[in-house]
Every structure is written in C-alpha cells, then in structure tokens.
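Trainee: Next up is a structure, given as structure tokens.
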Amino acid sequence: TSRSGSHARAFLQGWQGTLMADGYGGYKALFGQGVTELGCWAHARRKFFDLHAASNKPHEMAAVALQRIGELYAIEAQAREQSP
C-alpha cells in the first residue's frame with residue numbers, strides 16, 4: 001500500500017544473500033545486515049552518461065566507463081545465447 005521500507009524489511013525478514021536493487025531507499029536498512037547490495041549496470045551507466053553529456057567536451061573517465069560497460073553488455077548478449 002506504500003513504498004515504506006518497512007514492507008521490504010518485513011518481506012525479507014530473516015533472509016540473507018545478495019539483492020539486486022535499483023537504489024530504492026527502502027532496502028538500505030537491509031544492507032550490511034546479512035544482505036549484500038548488488039547494483040544495476042543500467043543505473044551506474046546512467047551516472048556516467050549524465051556526466052559525459054553535461055560536459056562541454058568529452059569527459060575522458062566517463063567515456064572510458066561507458067565503453068567498458070558497453071563491452072560488458074556485449075559479453076552478456078553473447079552469454080544469453082549460451083546454455084549453462
């Protein structure tokens with residue numbers, strides 16, 4: 001009924017492991033208490049893209065990060081076609 005962090009904590013109560021999260025603040029209290037945050041490349045990439053786009057000239061570090069993330073996406077695309 002709401003986006004309160006109490007719902008995430010109640011749902012995951014007692015669970016430990018790695019949680020793929022999108023930055024939703026409701027999960028923050030779980031991290032470090034047996035739950036490890038696994039970030040999303042799309043969200044990380046967006047920060048580098050924004051930095052690159054906001055610069056008057058190409059931002060070297062952001063450009064390298066975007067290139068490397070692109071290479072990881074290409075590997076993931078190849079792996080998606082593979083059997084385990």
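Naming works like this for the structure tokens: A, B, ... for the chains as they're shown, residue 1 at the start of each chain, ligands 1 onward in shown order.
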Report as a PyMOL selection string: the residues of stretch 7-79 of chain A with a DSSP assignment of helix (DSSP H, G or I), based on the backbone of this structure.
Mentor: chain A and resi 7-11+25-30+41-54+60-79
Trainee: Could you find all residues in chain A that DSSP calls strand (DSSP E or B) from the backbone, and write them as a list in words?
Mentor: Gly17, Thr18, Leu19, Met20, Phe31, Val35, Thr36, Glu37 and Leu38 of chain A
Trainee: Applying 9 Å and only C-alpha atoms, which residues near A:Ala8 remain after dropping the ones on its own chain fewer than 6 positions away? List them as a VMD selection string.
Mentor: chain A and resid 26 to 27 30
Trainee: Store the residues picked out above in a file with all heavy atoms, as a PDB file, in the first residue's frame.
Mentor:
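Below you can see out26.pdb, which holds the result:
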ATOM      1  N   GLY A  26      14.114   1.972   0.431  1.00  0.00           N
ATOM      2  CA  GLY A  26      13.500   1.033   1.361  1.00  0.00           C
ATOM      3  C   GLY A  26      14.366  -0.176   1.667  1.00  0.00           C
ATOM      4  O   GLY A  26      14.176  -0.843   2.675  1.00  0.00           O
ATOM      5  N   TYR A  27      15.333  -0.459   0.796  1.00  0.00           N
ATOM      6  CA  TYR A  27      16.222  -1.597   1.022  1.00  0.00           C
ATOM      7  C   TYR A  27      17.467  -1.230   1.814  1.00  0.00           C
ATOM      8  O   TYR A  27      18.167  -2.108   2.301  1.00  0.00           O
ATOM      9  CB  TYR A  27      16.670  -2.205  -0.307  1.00  0.00           C
ATOM     10  CG  TYR A  27      15.553  -2.806  -1.114  1.00  0.00           C
ATOM     11  CD1 TYR A  27      15.259  -2.322  -2.381  1.00  0.00           C
ATOM     12  CD2 TYR A  27      14.803  -3.863  -0.631  1.00  0.00           C
ATOM     13  CE1 TYR A  27      14.238  -2.874  -3.136  1.00  0.00           C
ATOM     14  CE2 TYR A  27      13.776  -4.417  -1.376  1.00  0.00           C
ATOM     15  CZ  TYR A  27      13.505  -3.918  -2.625  1.00  0.00           C
ATOM     16  OH  TYR A  27      12.500  -4.466  -3.365  1.00  0.00           O
ATOM     17  N   LEU A  30      18.589  -2.896   5.026  1.00  0.00           N
ATOM     18  CA  LEU A  30      18.928  -4.317   4.981  1.00  0.00           C
ATOM     19  C   LEU A  30      20.403  -4.547   4.670  1.00  0.00           C
ATOM     20  O   LEU A  30      20.969  -5.565   5.079  1.00  0.00           O
ATOM     21  CB  LEU A  30      18.090  -5.018   3.906  1.00  0.00           C
ATOM     22  CG  LEU A  30      16.583  -5.022   4.120  1.00  0.00           C
ATOM     23  CD1 LEU A  30      15.871  -5.501   2.859  1.00  0.00           C
ATOM     24  CD2 LEU A  30      16.226  -5.911   5.293  1.00  0.00           C
TER      25      LEU A  30
END
Trainee: Enter the distance from atom CA of A:Ala42 to atom CA of A:Phe11, in Å, rounded to one decimal.
Mentor: 25.3 Å
Trainee: Can you pull out every residue within 9 Å of A:Cys40, counting only C-alpha atoms, but drop anything in the same chain fewer than 5 positions away, and send it as a ChimeraX atom specification?
Mentor: /A:20-23,45
Trainee: With only C-alpha atoms as the counted atoms, please give the residues lying no more than 10 Å from A:Gly34, apart from itself and same-chain residues fewer than 4 positions off, as a CSV table (one decimal) with C-alpha atoms, in the first residue's frame.
Mentor:
chain,number,residue,atom,x,y,z
A,14,GLY,CA,15.5,-13.3,8.2
A,15,TRP,CA,16.6,-13.7,4.6
A,16,GLN,CA,20.3,-13.3,3.8
A,17,GLY,CA,22.0,-13.1,0.4
A,18,THR,CA,22.7,-10.8,-2.5
A,30,LEU,CA,18.9,-4.3,5.0
Trainee: Take atom CA of A:Ala53 and atom CA of A:Gln67 and report the distance between them in Å, one decimal.
Mentor: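 Atom CA of A:Gln67 lies 14.3 Å from atom CA of A:Ala53.
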Trainee: Near A:Gly25, counting only C-alpha atoms, which residues have an atom at most 12 Å away, once you skip same-chain residues fewer than 4 positions from it, shown as a list of chain:residue names?
Mentor: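 Using only C-alpha atoms, the neighbours found are A:Arg3, A:Ser4, A:Gly5, A:Ser6, A:His7, A:Ala8, A:Arg9, A:Ala21, A:Ala29, A:Leu30, A:Phe31, A:Glu37.
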Trainee: Fewer than 3 positions away in the same chain doesn't count, so skip those; otherwise give me all residues within 7 Å of A:Ala62, counting only C-alpha atoms, as a list in words.
Mentor: Phe48, Phe49, Leu51, His52, His59, Ala65 and Leu66 of chain A
Trainee: Only N, CA and C atoms, please: the residues just picked out, written as a tab-separated table (two decimals), in the first residue's frame.
Mentor:
chain	number	residue	atom	x	y	z
A	48	PHE	N	27.36	7.82	-15.46
A	48	PHE	CA	28.47	8.14	-16.36
A	48	PHE	C	27.97	8.86	-17.61
A	49	PHE	N	26.82	8.42	-18.14
A	49	PHE	CA	26.25	9.06	-19.32
A	49	PHE	C	25.91	10.52	-19.02
A	51	LEU	N	27.21	12.47	-16.74
A	51	LEU	CA	28.46	13.21	-16.58
A	51	LEU	C	29.05	13.54	-17.95
A	52	HIS	N	29.05	12.57	-18.84
A	52	HIS	CA	29.59	12.76	-20.19
A	52	HIS	C	28.77	13.80	-20.96
A	59	HIS	N	34.08	13.90	-21.55
A	59	HIS	CA	34.67	13.61	-20.25
A	59	HIS	C	35.39	12.28	-20.37
A	65	ALA	N	34.42	4.63	-19.05
A	65	ALA	CA	33.45	3.83	-18.31
A	65	ALA	C	32.32	3.36	-19.23
A	66	LEU	N	31.82	4.27	-20.07
A	66	LEU	CA	30.74	3.90	-20.99
A	66	LEU	C	31.21	2.84	-21.99
